[in-house]
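start_5.txt (compact mmCIF, C-alpha atoms)
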# COMPACT_ATOMS: atom_id res chain seq x y z
CA MET A 1 95.36 5.05 -59.02
CA SER A 2 92.39 5.35 -56.62
CA TYR A 3 91.04 8.75 -55.57
CA PHE A 4 91.86 8.12 -51.90
CA LYS A 5 95.38 6.94 -52.70
CA LYS A 6 95.95 10.16 -54.66
CA ILE A 7 94.90 12.17 -51.63
CA VAL A 8 97.23 10.21 -49.35
CA ILE A 9 100.16 10.64 -51.72
CA GLY A 10 99.43 14.34 -52.00
CA LEU A 11 99.36 14.61 -48.23
CA VAL A 12 102.62 12.72 -47.91
CA ILE A 13 104.19 15.04 -50.47
CA THR A 14 103.06 18.06 -48.49
CA LEU A 15 104.39 16.97 -45.15
CA SER A 16 107.51 15.18 -46.30
CA LEU A 17 108.58 18.53 -47.73
CA ILE A 18 108.44 19.85 -44.20
CA ILE A 19 110.82 17.28 -42.76
CA LEU A 20 108.39 14.69 -41.55
CA ALA A 21 106.14 16.97 -39.62
CA GLY A 22 103.25 14.53 -39.73
CA PHE A 23 100.52 13.40 -42.07
CA GLY A 24 96.85 12.44 -42.06
CA PHE A 25 96.69 8.85 -43.18
CA VAL A 26 94.19 7.95 -40.48
CA TYR A 27 91.55 10.42 -39.26
CA SER A 28 91.24 9.02 -35.75
CA LYS A 29 94.98 9.02 -35.14
CA LEU A 30 95.48 12.54 -36.40
CA ASN A 31 92.90 13.75 -33.89
CA SER A 32 95.32 12.82 -31.12
CA ILE A 33 98.15 15.09 -32.32
CA TYR A 34 96.51 18.35 -33.30
CA VAL A 35 95.54 21.10 -30.86
CA LYS A 36 91.77 21.16 -31.20
CA ASP A 37 91.07 24.52 -29.59
CA GLU A 38 93.20 26.23 -32.25
CA ALA A 39 91.64 24.48 -35.22
CA VAL A 40 88.84 25.85 -37.37
CA LYS A 41 85.58 24.96 -35.62
CA SER A 42 83.25 25.02 -38.60
CA GLU A 43 84.73 22.09 -40.52
CA GLN A 44 81.87 19.74 -41.24
CA ASP A 45 82.33 18.70 -44.85
CA THR A 46 84.59 15.65 -45.11
CA ASN A 47 84.93 15.80 -48.91
CA GLU A 48 88.50 16.69 -49.80
CA LYS A 49 88.83 20.00 -51.65
CA MET A 50 91.41 22.50 -52.85
CA VAL A 51 92.65 25.01 -50.27
CA GLU A 52 92.26 28.39 -51.93
CA GLY A 53 94.92 31.09 -51.97
CA ILE A 54 98.18 31.06 -50.01
CA THR A 55 98.73 28.81 -46.99
CA ASN A 56 101.84 29.26 -44.83
CA ILE A 57 102.82 26.44 -42.47
CA LEU A 58 105.54 26.99 -39.87
CA LEU A 59 107.70 23.90 -39.44
CA VAL A 60 109.81 23.51 -36.34
CA GLY A 61 112.39 20.80 -35.61
CA ILE A 62 112.96 20.61 -31.85
CA ASP A 63 116.43 20.05 -30.39
CA GLY A 64 115.43 17.40 -27.86
CA ARG A 65 112.57 15.22 -26.67
CA TYR A 66 110.20 17.82 -25.20
CA ILE A 67 107.72 19.06 -27.77
CA ASP A 68 105.97 21.86 -25.85
CA LYS A 69 108.91 23.99 -24.66
CA GLY A 70 112.26 23.72 -22.92
CA ASN A 71 114.18 22.81 -26.07
CA ARG A 72 115.46 25.09 -28.80
CA SER A 73 114.19 25.09 -32.37
CA ASP A 74 117.07 23.54 -34.27
CA SER A 75 115.37 23.94 -37.64
CA VAL A 76 112.75 26.49 -38.66
CA MET A 77 111.14 26.49 -42.10
CA LEU A 78 108.09 28.10 -43.65
CA VAL A 79 106.28 26.10 -46.32
CA THR A 80 104.08 28.13 -48.65
CA ILE A 81 101.33 26.39 -50.63
CA ASP A 82 99.95 28.70 -53.31
CA SER A 83 96.99 27.12 -55.08
CA LYS A 84 96.29 30.16 -57.30
CA ASN A 85 99.73 30.20 -58.89
CA LYS A 86 100.29 26.45 -58.44
CA ASP A 87 103.50 26.90 -56.46
CA ILE A 88 105.10 25.28 -53.44
CA LYS A 89 107.89 27.25 -51.76
CA ILE A 90 110.18 26.65 -48.81
CA THR A 91 111.88 29.36 -46.76
CA SER A 92 114.69 28.33 -44.39
CA ILE A 93 115.12 30.76 -41.52
CA ALA A 94 118.56 30.70 -39.89
CA ARG A 95 118.37 29.65 -36.23
CA ASP A 96 120.90 32.36 -35.25
CA THR A 97 118.86 35.18 -36.79
CA TYR A 98 119.02 38.09 -34.32
CA VAL A 99 115.42 38.96 -33.41
CA GLU A 100 113.35 40.68 -30.77
CA ILE A 101 111.77 38.05 -28.51
CA PRO A 102 108.78 39.72 -26.79
CA GLY A 103 109.07 39.61 -23.00
CA TYR A 104 112.75 38.70 -23.13
CA SER A 105 115.39 40.50 -25.19
CA THR A 106 117.00 40.67 -28.60
CA GLU A 107 118.70 37.35 -29.20
CA LYS A 108 118.84 34.26 -31.41
CA LEU A 109 115.61 33.03 -33.00
CA THR A 110 116.32 29.50 -31.74
CA HIS A 111 115.77 30.56 -28.11
CA ALA A 112 112.11 31.59 -28.49
CA TYR A 113 110.78 28.04 -28.59
CA ALA A 114 112.80 27.05 -25.54
CA TYR A 115 111.29 29.91 -23.54
CA GLU A 116 107.58 29.51 -24.24
CA GLY A 117 107.09 27.14 -27.15
CA ILE A 118 105.18 27.66 -30.37
CA ASP A 119 103.09 30.62 -29.20
CA LEU A 120 106.14 32.77 -28.55
CA LEU A 121 107.78 31.69 -31.81
CA LYS A 122 104.62 32.71 -33.69
CA GLU A 123 104.76 36.08 -31.96
CA VAL A 124 108.40 36.48 -33.01
CA PHE A 125 107.35 36.02 -36.63
CA LYS A 126 104.64 38.65 -36.29
CA VAL A 127 106.81 41.24 -34.53
CA ASN A 128 110.01 40.80 -36.55
CA PHE A 129 108.90 39.59 -39.97
CA ASP A 130 105.31 40.88 -40.25
CA ILE A 131 104.13 37.34 -41.00
CA LYS A 132 101.09 35.97 -39.19
CA ILE A 133 101.40 32.24 -38.53
CA ASP A 134 98.11 30.36 -38.50
CA LYS A 135 99.27 26.80 -39.03
CA TYR A 136 102.27 25.06 -37.54
CA ILE A 137 103.79 21.65 -37.03
CA ALA A 138 106.51 20.91 -34.45
CA VAL A 139 108.39 17.62 -34.40
CA ASN A 140 111.24 16.38 -32.20
CA PHE A 141 114.41 14.43 -32.91
CA VAL A 142 112.99 11.07 -31.84
CA SER A 143 110.40 10.92 -34.61
CA PHE A 144 112.95 12.21 -37.11
CA MET A 145 115.26 9.25 -36.49
CA ASP A 146 112.53 6.64 -36.22
CA ILE A 147 110.96 7.67 -39.52
CA MET A 148 114.34 7.66 -41.27
CA ASP A 149 114.70 4.06 -40.14
CA GLU A 150 111.17 3.19 -41.20
CA LEU A 151 111.89 4.51 -44.69
CA GLY A 152 115.08 2.47 -44.89
CA GLY A 153 117.30 5.53 -44.65
CA VAL A 154 117.86 8.50 -46.95
CA GLU A 155 120.52 9.32 -49.53
CA VAL A 156 122.66 12.45 -49.11
CA ASN A 157 126.06 13.67 -50.25
CA ILE A 158 128.72 13.91 -47.53
CA GLU A 159 131.75 16.04 -48.29
CA GLU A 160 135.24 15.04 -47.13
CA LYS A 161 135.44 18.02 -44.78
CA ASP A 162 132.26 16.93 -42.98
CA ILE A 163 133.21 13.35 -42.08
CA ASP A 164 134.79 14.10 -38.69
CA GLU A 165 131.98 16.49 -37.76
CA VAL A 166 129.17 14.10 -38.68
CA ASN A 167 130.86 11.33 -36.66
CA LYS A 168 131.04 13.63 -33.64
CA TYR A 169 127.30 14.20 -33.89
CA ILE A 170 126.70 10.50 -34.44
CA ASP A 171 128.03 9.89 -30.91
CA ASP A 172 125.65 12.52 -29.53
CA CYS A 173 122.57 11.46 -31.50
CA TYR A 174 123.06 7.76 -30.84
CA GLU A 175 123.79 8.07 -27.11
CA TYR A 176 121.28 10.73 -26.08
CA TYR A 177 118.36 10.45 -28.50
CA TYR A 178 118.31 7.05 -30.17
CA ASN A 179 115.95 4.49 -28.66
CA LYS A 180 117.01 1.43 -30.69
CA LYS A 181 120.44 0.74 -29.25
CA ASP A 182 119.50 -2.90 -28.62
CA GLU A 183 118.60 -3.36 -32.28
CA VAL A 184 121.01 -1.12 -34.20
CA LYS A 185 124.77 -0.95 -33.76
CA LYS A 186 126.47 2.46 -33.88
CA GLU A 187 128.33 2.95 -37.15
CA TYR A 188 130.45 5.89 -38.26
CA ILE A 189 130.85 7.48 -41.68
CA THR A 190 134.10 6.33 -43.30
CA LYS A 191 134.01 7.93 -46.74
CA SER A 192 132.75 10.95 -48.63
CA GLY A 193 130.21 10.98 -51.45
CA THR A 194 126.56 10.07 -51.89
CA GLN A 195 125.46 7.38 -49.46
CA ARG A 196 122.47 6.09 -47.53
CA LEU A 197 122.18 7.11 -43.88
CA ASN A 198 120.02 5.59 -41.17
CA GLY A 199 118.09 7.55 -38.55
CA TYR A 200 120.80 8.69 -36.15
CA GLN A 201 123.26 9.22 -39.01
CA ALA A 202 120.79 11.40 -40.92
CA LEU A 203 120.12 13.47 -37.81
CA ALA A 204 123.87 13.84 -37.24
CA PHE A 205 124.31 14.99 -40.85
CA SER A 206 121.54 17.56 -40.37
CA ARG A 207 123.24 18.96 -37.29
CA ILE A 208 126.66 19.60 -38.89
CA ARG A 209 127.47 23.24 -38.44
CA TYR A 210 131.05 24.16 -37.69
CA THR A 211 132.68 22.99 -40.93
CA ASP A 212 131.03 25.84 -42.82
CA SER A 213 128.04 28.00 -41.85
CA ALA A 214 124.49 28.07 -40.56
CA PHE A 215 123.35 28.56 -44.14
CA ALA A 216 125.16 25.46 -45.35
CA ARG A 217 123.41 23.67 -42.49
CA ASP A 218 120.06 24.89 -43.81
CA ASN A 219 121.03 23.51 -47.21
CA ARG A 220 121.67 20.12 -45.61
CA HIS A 221 118.22 20.28 -43.97
CA ARG A 222 116.64 20.82 -47.37
CA GLU A 223 118.77 18.05 -48.91
CA VAL A 224 117.45 15.63 -46.31
CA ALA A 225 113.89 16.88 -46.89
CA GLN A 226 114.18 16.28 -50.64
CA SER A 227 115.56 12.80 -50.02
CA VAL A 228 112.69 12.03 -47.65
CA TYR A 229 110.28 13.21 -50.32
CA LYS A 230 111.75 10.77 -52.83
CA GLU A 231 111.71 7.88 -50.36
CA PHE A 232 108.05 8.47 -49.47
CA LEU A 233 107.08 8.27 -53.13
CA LYS A 234 108.50 4.74 -53.25
CA LYS A 235 106.44 3.51 -50.29
CA GLY A 236 102.88 2.28 -49.85
CA PRO A 237 100.01 2.56 -47.34
CA GLN A 238 101.62 0.25 -44.78
CA GLU A 239 104.66 2.51 -44.43
CA TYR A 240 102.42 5.59 -44.25
CA LYS A 241 100.53 4.06 -41.36
CA LYS A 242 103.70 3.07 -39.49
CA CYS A 243 105.09 6.59 -39.85
CA ALA A 244 101.79 8.03 -38.61
CA ASP A 245 102.08 5.82 -35.51
CA ILE A 246 105.61 7.12 -34.85
CA LEU A 247 104.50 10.73 -35.13
CA LEU A 248 101.67 10.49 -32.61
CA GLU A 249 103.85 10.89 -29.54
CA ASN A 250 106.36 13.29 -31.04
CA THR A 251 104.35 15.86 -32.98
CA LYS A 252 102.31 18.92 -32.13
CA THR A 253 100.14 20.71 -34.69
CA ASN A 254 97.02 22.85 -34.92
CA ILE A 255 96.14 21.46 -38.36
CA SER A 256 93.04 19.32 -38.10
CA PRO A 257 92.66 15.99 -39.96
CA ILE A 258 90.32 17.50 -42.53
CA GLN A 259 92.67 20.42 -43.11
CA MET A 260 95.56 18.00 -43.59
CA LEU A 261 93.72 15.98 -46.19
CA ASN A 262 92.67 19.15 -47.99
CA LEU A 263 96.27 20.40 -47.99
CA GLY A 264 97.46 17.05 -49.32
CA TYR A 265 94.80 17.12 -52.03
CA THR A 266 95.85 20.68 -52.92
CA VAL A 267 99.54 19.76 -53.22
CA PHE A 268 98.72 16.73 -55.34
CA ASN A 269 96.78 18.92 -57.76
CA ILE A 270 99.46 21.62 -57.82
CA ASN A 271 102.02 18.95 -58.79
CA ASP A 272 104.95 21.35 -58.47
CA LYS A 273 108.11 19.51 -59.56
CA ASP A 274 110.40 22.53 -59.14
CA ILE A 275 110.09 23.75 -55.55
CA GLU A 276 111.31 27.31 -55.04
CA GLN A 277 113.59 27.91 -52.05
CA LEU A 278 114.76 30.96 -50.15
CA GLN A 279 117.28 31.43 -47.35
CA PHE A 280 116.48 34.09 -44.78
CA PRO A 281 118.19 36.46 -44.14
CA LEU A 282 119.49 37.15 -47.65
CA GLU A 283 123.22 36.68 -48.17
CA GLU A 284 123.75 40.26 -49.35
CA HIS A 285 121.80 41.76 -46.44
CA ARG A 286 123.14 39.97 -43.35
CA ASN A 287 126.15 40.13 -41.06
CA GLY A 288 127.22 37.23 -38.87
CA HIS A 289 129.49 38.05 -35.96
CA ILE A 290 130.04 37.56 -32.22
CA ILE A 291 128.01 40.23 -30.46
CA ASP A 292 129.22 39.56 -26.90
CA ASP A 293 130.34 36.71 -24.62
CA LYS A 294 126.78 36.00 -23.43
CA LYS A 295 124.90 36.00 -26.74
CA GLY A 296 127.73 34.61 -28.84
CA TRP A 297 127.60 34.44 -32.64
CA VAL A 298 124.45 35.98 -34.10
CA LEU A 299 123.16 36.92 -37.52
CA GLU A 300 122.16 40.56 -37.77
CA TRP A 301 120.14 41.56 -40.82
CA ASP A 302 118.91 44.63 -42.69
CA LYS A 303 115.18 44.69 -42.08
CA GLU A 304 113.75 46.55 -45.07
CA PRO A 305 115.38 44.64 -47.98
CA ASN A 306 115.03 41.27 -46.25
CA ILE A 307 111.35 41.69 -45.39
CA LYS A 308 110.54 43.08 -48.83
CA ALA A 309 112.24 40.17 -50.62
CA TRP A 310 110.67 37.56 -48.34
CA HIS A 311 107.15 38.95 -48.70
CA GLU A 312 107.53 39.09 -52.47
CA PHE A 313 108.77 35.48 -52.45
CA ILE A 314 105.72 34.34 -50.49
CA TYR A 315 102.95 36.60 -51.71
CA GLY A 316 104.14 38.00 -55.03
CA ASN A 317 101.81 40.87 -55.82
CA GLU A 318 99.04 39.47 -53.65
CA ASP A 319 97.91 41.16 -50.45
CA LYS A 320 98.87 39.36 -47.24

Whole structure given in C-alpha cells:
Amino acid sequence: MSYFKKIVIGLVITLSLIILAGFGFVYSKLNSIYVKDEAVKSEQDTNEKMVEGITNILLVGIDGRYIDKGNRSDSVMLVTIDSKNKDIKITSIARDTYVEIPGYSTEKLTHAYAYEGIDLLKEVFKVNFDIKIDKYIAVNFVSFMDIMDELGGVEVNIEEKDIDEVNKYIDDCYEYYYNKKDEVKKEYITKSGTQRLNGYQALAFSRIRYTDSAFARDNRHREVAQSVYKEFLKKGPQEYKKCADILLENTKTNISPIQMLNLGYTVFNINDKDIEQLQFPLEEHRNGHIIDDKKGWVLEWDKEPNIKAWHEFIYGNEDK
C-alpha cells in the first residue's frame, strides 16, 4: 500500500468515526470548507506527521439545511484522538442535556446551535463541562443522506418496535430533506433485523427517539457511524473524492487541510480496533423528566461525578 494511500485511509477512518464530518482527500477542495481565520496560521510544513498528545474534535449533526445557525444540533459527539496512549474515544452527549446557555437561559443543549451556531455551542462546553473546544466539524442532513447513497447504504439492526417509528421519519426525511426524489423511490421498512438502508432510511433510523430513550438514540448514532466506518474501508479513491465533493457545500470546520491529513496519519498509526465509548450524562447520575410546559422533557445531571468521569475518560491522569 502506498504511503499516500495510507494517509488517505487514516483520514477516512478518523472522519468516518465522526459521522461523515468531512475528510481531506484533496487539498484545494478542503480549503473551501474550513474557516481559515480560526486555523493555525503557522502551518508551513506539508509533510504528514503525528499529532502529539490529546486532540478533541467536536462533531455536530445539524437538524436541517442551514449550517451556520438557525437549526438545532440533532447529534453532538466528541472524538478524542490520544496519540500518547494510542487510543480513539467517542463521547455521545445527549441533546436534551440541561445546560446553561450563556446569554439565554438554562435549557436543552440542542438549542445552543440554533441560537448562535458553533461559537455558542463551544462556549456551552466551556461553561458547563470545563472542556475547551479547539477543533470542530458541523455537517447537515443533506450530506449525511447523499454520502449514505454514495457508499451504497449502511447495515444496521432494526428492532420490531422501531419499524413504525422509522417509517414515520422516512416520510419526513424523504419529503423535506432528500434531493433525489426523481431518481429514488420512497420505500418503507417492512421487517426487523439487520438490513441495508439507503440515505433517507439511514437518517430516519438515526432520528428514532420515542420508542425508547435519547440514550438509545445515541446508540443508534454510533451504530450508523461504525457501519459507515466499515463501508469506507471497502471503497477506493474515487469514492473518497465523490464524498469530498458532497461535503463541500454542507460542512463547516476550522480544521485546515494540513491538520486533517496529520490527524488521518495519526489515526492510521494508532490503529485502534477497539474504540472506547461513553454516554454523557452517566446513567447513574442523571434524571430525565418534564421540567415545565415550555422547556418540556430535559435531562438534569449531577455535575461533580459526571464531569469527573468524563475528564478521566478523555484525559486519564494527564493535565487538560

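For the residues A:Thr251, A:Gln238, A:Gln259, A:Gln279, ranking by smallest atom-to-atom distance to A:Glu150 using only C-alpha atoms places A:Gln238 first.
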
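Of the residues under consideration (A:Glu300, A:Asp162, A:Glu107, A:Glu52), A:Asp162 shows the shortest atom-to-atom contact distance to A:Arg220 when counting all atoms listed in the file.
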
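All protein and nucleic acid residues in the vicinity of (115.6, 33.5, -32.8), that is within 7 Å when counting only C-alpha atoms, are Arg95, Asp96, Thr97, Tyr98, Val99, Glu107, Lys108, Leu109, Thr110, His111 and Ala112 of chain A.
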
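Within 7 Å of A:Leu59, once only C-alpha atoms are used and residues closer than 4 positions along the same chain are dropped, the contacting residues are Ile18, Val76, Met77, Leu78, Tyr136, Ile137 and Ala138 of chain A.
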
field: Given all atoms listed in the file as the counted atoms, nearest of A:Glu155, A:Glu175, A:Asp63, A:Glu100 to A:Leu120
entry: A:Glu100

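One finds atom CA of A:Ser73 at 21.6 Å from atom CA of A:Thr55.
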
message: Rounded to one decimal, what separation in Å do you get between atom CA of A:Asn167 and atom CA of A:Gln226?
response: 22.3 Å

task: Kindly indicate which residue among A:Ile307, A:Val267, A:Ala94, A:Ile101 lies nearest to A:Ile131, using all atoms listed in the file for the distances.
output: A:Ile307

- prompt: So how far away is atom CA of A:Leu263 from atom CA of A:Gly316, in Å?
  reply: 20.5 Å

message: Give me the residues near A:Glu276 as a list in words, where near means some atom within 7 Å (using all atoms listed in the file) and where sequence neighbours in that chain fewer than 5 positions away do not count.
response: Ile88, Lys89 and Ile90 of chain A

Missing atoms of stretch 155-183 of chain A rebuilt to N, CA and C atoms, written as a PDB file, in the coordinates of the input:
ATOM      1  N   GLU A 155     119.262   9.111 -48.820  1.00  0.00           N
ATOM      2  CA  GLU A 155     120.520   9.320 -49.530  1.00  0.00           C
ATOM      3  C   GLU A 155     120.895  10.800 -49.507  1.00  0.00           C
ATOM      4  N   VAL A 156     122.131  11.089 -49.105  1.00  0.00           N
ATOM      5  CA  VAL A 156     122.660  12.450 -49.110  1.00  0.00           C
ATOM      6  C   VAL A 156     124.115  12.408 -49.555  1.00  0.00           C
ATOM      7  N   ASN A 157     124.654  13.574 -49.863  1.00  0.00           N
ATOM      8  CA  ASN A 157     126.060  13.670 -50.250  1.00  0.00           C
ATOM      9  C   ASN A 157     126.863  14.226 -49.077  1.00  0.00           C
ATOM     10  N   ILE A 158     127.849  13.474 -48.621  1.00  0.00           N
ATOM     11  CA  ILE A 158     128.720  13.910 -47.530  1.00  0.00           C
ATOM     12  C   ILE A 158     130.075  14.316 -48.092  1.00  0.00           C
ATOM     13  N   GLU A 159     130.463  15.552 -47.821  1.00  0.00           N
ATOM     14  CA  GLU A 159     131.750  16.040 -48.290  1.00  0.00           C
ATOM     15  C   GLU A 159     132.876  15.579 -47.360  1.00  0.00           C
ATOM     16  N   GLU A 160     134.089  15.515 -47.897  1.00  0.00           N
ATOM     17  CA  GLU A 160     135.240  15.040 -47.130  1.00  0.00           C
ATOM     18  C   GLU A 160     135.429  15.848 -45.851  1.00  0.00           C
ATOM     19  N   LYS A 161     135.239  17.154 -45.936  1.00  0.00           N
ATOM     20  CA  LYS A 161     135.440  18.020 -44.780  1.00  0.00           C
ATOM     21  C   LYS A 161     134.425  17.781 -43.657  1.00  0.00           C
ATOM     22  N   ASP A 162     133.335  17.110 -43.959  1.00  0.00           N
ATOM     23  CA  ASP A 162     132.260  16.930 -42.980  1.00  0.00           C
ATOM     24  C   ASP A 162     132.314  15.591 -42.242  1.00  0.00           C
ATOM     25  N   ILE A 163     133.210  14.696 -42.651  1.00  0.00           N
ATOM     26  CA  ILE A 163     133.210  13.350 -42.080  1.00  0.00           C
ATOM     27  C   ILE A 163     133.448  13.370 -40.571  1.00  0.00           C
ATOM     28  N   ASP A 164     134.489  14.068 -40.126  1.00  0.00           N
ATOM     29  CA  ASP A 164     134.790  14.100 -38.690  1.00  0.00           C
ATOM     30  C   ASP A 164     133.641  14.742 -37.899  1.00  0.00           C
ATOM     31  N   GLU A 165     133.058  15.782 -38.462  1.00  0.00           N
ATOM     32  CA  GLU A 165     131.980  16.490 -37.760  1.00  0.00           C
ATOM     33  C   GLU A 165     130.722  15.629 -37.646  1.00  0.00           C
ATOM     34  N   VAL A 166     130.364  14.943 -38.740  1.00  0.00           N
ATOM     35  CA  VAL A 166     129.170  14.100 -38.680  1.00  0.00           C
ATOM     36  C   VAL A 166     129.374  12.955 -37.702  1.00  0.00           C
ATOM     37  N   ASN A 167     130.586  12.417 -37.608  1.00  0.00           N
ATOM     38  CA  ASN A 167     130.860  11.330 -36.660  1.00  0.00           C
ATOM     39  C   ASN A 167     130.780  11.816 -35.218  1.00  0.00           C
ATOM     40  N   LYS A 168     131.182  13.052 -34.980  1.00  0.00           N
ATOM     41  CA  LYS A 168     131.040  13.630 -33.640  1.00  0.00           C
ATOM     42  C   LYS A 168     129.568  13.692 -33.241  1.00  0.00           C
ATOM     43  N   TYR A 169     128.730  14.116 -34.179  1.00  0.00           N
ATOM     44  CA  TYR A 169     127.300  14.200 -33.890  1.00  0.00           C
ATOM     45  C   TYR A 169     126.645  12.830 -33.835  1.00  0.00           C
ATOM     46  N   ILE A 170     127.215  11.862 -34.537  1.00  0.00           N
ATOM     47  CA  ILE A 170     126.700  10.500 -34.440  1.00  0.00           C
ATOM     48  C   ILE A 170     126.779  10.007 -32.997  1.00  0.00           C
ATOM     49  N   ASP A 171     127.908  10.262 -32.330  1.00  0.00           N
ATOM     50  CA  ASP A 171     128.030   9.890 -30.910  1.00  0.00           C
ATOM     51  C   ASP A 171     126.908  10.508 -30.092  1.00  0.00           C
ATOM     52  N   ASP A 172     126.664  11.801 -30.298  1.00  0.00           N
ATOM     53  CA  ASP A 172     125.650  12.520 -29.530  1.00  0.00           C
ATOM     54  C   ASP A 172     124.250  12.006 -29.831  1.00  0.00           C
ATOM     55  N   CYS A 173     123.924  11.883 -31.109  1.00  0.00           N
ATOM     56  CA  CYS A 173     122.570  11.460 -31.500  1.00  0.00           C
ATOM     57  C   CYS A 173     122.286  10.034 -31.065  1.00  0.00           C
ATOM     58  N   TYR A 174     123.269   9.168 -31.199  1.00  0.00           N
ATOM     59  CA  TYR A 174     123.060   7.760 -30.840  1.00  0.00           C
ATOM     60  C   TYR A 174     122.915   7.601 -29.327  1.00  0.00           C
ATOM     61  N   GLU A 175     123.769   8.258 -28.563  1.00  0.00           N
ATOM     62  CA  GLU A 175     123.790   8.070 -27.110  1.00  0.00           C
ATOM     63  C   GLU A 175     122.616   8.736 -26.408  1.00  0.00           C
ATOM     64  N   TYR A 176     122.242   9.937 -26.838  1.00  0.00           N
ATOM     65  CA  TYR A 176     121.280  10.730 -26.080  1.00  0.00           C
ATOM     66  C   TYR A 176     119.853  10.675 -26.614  1.00  0.00           C
ATOM     67  N   TYR A 177     119.695  10.375 -27.910  1.00  0.00           N
ATOM     68  CA  TYR A 177     118.360  10.450 -28.500  1.00  0.00           C
ATOM     69  C   TYR A 177     117.842   9.121 -29.042  1.00  0.00           C
ATOM     70  N   TYR A 178     118.741   8.258 -29.457  1.00  0.00           N
ATOM     71  CA  TYR A 178     118.310   7.050 -30.170  1.00  0.00           C
ATOM     72  C   TYR A 178     117.745   6.028 -29.209  1.00  0.00           C
ATOM     73  N   ASN A 179     116.611   5.437 -29.556  1.00  0.00           N
ATOM     74  CA  ASN A 179     115.950   4.490 -28.660  1.00  0.00           C
ATOM     75  C   ASN A 179     116.009   3.048 -29.178  1.00  0.00           C
ATOM     76  N   LYS A 180     116.910   2.783 -30.123  1.00  0.00           N
ATOM     77  CA  LYS A 180     117.010   1.430 -30.690  1.00  0.00           C
ATOM     78  C   LYS A 180     118.414   0.861 -30.532  1.00  0.00           C
ATOM     79  N   LYS A 181     119.065   1.195 -29.434  1.00  0.00           N
ATOM     80  CA  LYS A 181     120.440   0.740 -29.250  1.00  0.00           C
ATOM     81  C   LYS A 181     120.540  -0.777 -29.172  1.00  0.00           C
ATOM     82  N   ASP A 182     119.487  -1.435 -28.704  1.00  0.00           N
ATOM     83  CA  ASP A 182     119.500  -2.900 -28.620  1.00  0.00           C
ATOM     84  C   ASP A 182     119.360  -3.554 -29.984  1.00  0.00           C
ATOM     85  N   GLU A 183     118.858  -2.798 -30.948  1.00  0.00           N
ATOM     86  CA  GLU A 183     118.600  -3.360 -32.280  1.00  0.00           C
ATOM     87  C   GLU A 183     119.635  -2.921 -33.311  1.00  0.00           C
TER      88      GLU A 183
END
